[in-house]
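A short worksheet on the structure shown next.
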Amino acid sequence: MGKIRWWLTLVSLTIIFFFLVFLAGELAGIVRLLYTVNETLGRIAAFLAVAIGLGVIVIPGYLFFRIPKPLIPPPKNTGPDYERHLTLIRNRLAANPLLKTKPLQTLPDLEEAIGTLNGEAERIAVEWAKRVFLGTALSQNGVLDMLVVLGAHVTMVRRIAGVYYQRPTPRDFLYLYSNVAGTAFLSYALEEIDLAEQIEPMIESAMGGLRAVPVLGAMVSPLVSAILDGTANAFLTLRIGLIASRYCVPLTCLEKKPVRRLAAGRAAKLVGGIVVEGTQTISRVITKAAGKKIVSAGSALADKTKQGLQSLWPFTRKAGEEIES
């Protein structure tokens with residue numbers, strides 16, 4: 001078991017290292033490109049690149065050193081060690097402003113209080129998933145998608161840890177940020193593969209064959225591409241947020257595999273609502289960009305897209321339930 005943990009730690013460190021090298025290379029390339037266009041733009045880009053690099057390091061560092069260390073549960077959920085652990089949890093939760101009116105005397109009280117914190121953490125994850133959906137759907141650029149996802153995930157994890165007022169354990173912290181790095185890189189890769197072309201027929205079928213409709217047919221491809229990018233990144237954001245939430249819960253020891261599976265299942269249930277809401281916003285943006293002459297066509301596209309996505313939503317919920325079970 002110790003050997004497996006050692007190898008997992010090494011893999012996590014390797015992922016983070018190579019991602020940082022990749023990120024530095026991409027940012028340096030953008031700075032060089034802008035310098036060739038305009039020296040002032042290049043300097044601004046260099047300043048922003050340094051700020052991004054520092055943010056990627058400083059925010060996790062803040063999370064690790066400023067938020068209190070985790071209350072690590074004992075191996076067994078009975079006995080004097082566990083009672084002492086519950087006392088420490090009570091003391092920490094008593095200072096949490098989200099739990100001012102909550103009783104904390106018994107174990108069911110503590111479970112209910114932590115359930116309240118779980119609900120707040122999930123709300124934060126959904127909020128950031130909505131932002132990531134819109135940001136990556138509208139950007140349609142691999143590097144920009146990666147930066148949007150990276151910034152959102154780093155900030156989201158810090159906020160979720162603040163909800164529990166406890167950071168993950170050092171090993172969980174490392175696993176979590178290797179997931180953040182891997183997810184940010186995946187958001188870049190999604191833009192490089194033509195996913196929309198492969199899945200577009202299924203979406204079009206759900207939306208009623210819009211290709212045959214004048215004007216709407218020309219708008220299908222960019223909309224489908226935007227929705228697919230946004231959906232994938234929103235799902236990954238939800239998954240990261242829910243994993244961070246589970247890692248910060250101080251009540252019992254958790255195994256990593258069930259945590260990741262449950263997080264993926266819950267994310268699959270939540271992502272449908274985010275996609276339907278985000279698609280309406282994107283449709284309005286595309287309509288406005290296309291001009292006033294096709295406002296009615298864009299409205300029809302938004303309605304058709306919403307209907308199609310709502311028809312697909314039950315399948316994502318069912319998938320989530322199957323993953324959780």
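FYI, nothing fancy with the structure tokens labels: chains A, B, ... in order, residues from 1 per chain, ligands from 1 as they appear.
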
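The environment of range 115-123 of chain A within 10 Å, counting only C-alpha atoms and disregarding residues fewer than 5 places along the same chain, consists of A:Leu93, A:Asn96, A:Leu98, A:Leu99, A:Lys102, A:Asp109, A:Leu110, A:Trp128, A:Ala129, A:Met156, A:Val157, A:Arg159, A:Ile160, A:Ala161, A:Gly162, A:Val163, A:Tyr164, A:Leu238, A:Gly241, A:Leu242, A:Ala244, A:Ser245, A:Arg246, A:Cys248, A:Val249, A:Arg266, A:Ala267, A:Leu270.
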
Can you pull out every residue within 8 Å of range 41-53 of chain A, counting only C-alpha atoms, but drop anything in the same chain fewer than 4 positions away, and send it as a PyMOL selection string? chain A and resi 24+27-28+30-37+57

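Between CA of Pro75 in chain A and CA of Pro97 in chain A the separation is 29.2 Å.
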
Between A:Thr9, A:Ser283, A:Ile72, A:Ile67, which is the closest to His85 in chain A once you count only C-alpha atoms?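 Smallest separation from His85 in chain A among the options: A:Ile72.
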
Got a sec to tell me which of range 22-226 of chain A DSSP assigns to helix (DSSP H, G or I), as a VMD selection string? chain A and resid 22 to 37 39 to 66 80 to 94 97 to 99 107 to 139 142 to 164 170 to 192 195 to 206 210 to 212 216 to 226

Quick one: everything within 8 Å of range 178-183 of chain A, counting only C-alpha atoms, minus sequence neighbours fewer than 3 positions away in the same chain. Send it as a PyMOL selection string. chain A and resi 12-13+15-16+19+149-150+153-154+174-175+186-187+236+240

What is the distance between CA of Arg158 in chain A and CA of Lys130 in chain A, in Å to one decimal?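 Going from CA of Arg158 in chain A over to CA of Lys130 in chain A, I get 17.4 Å.
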
Point-to-point distance from CA of Lys269 in chain A to CA of Glu111 in chain A, Å rounded to tenths: 23.0 Å
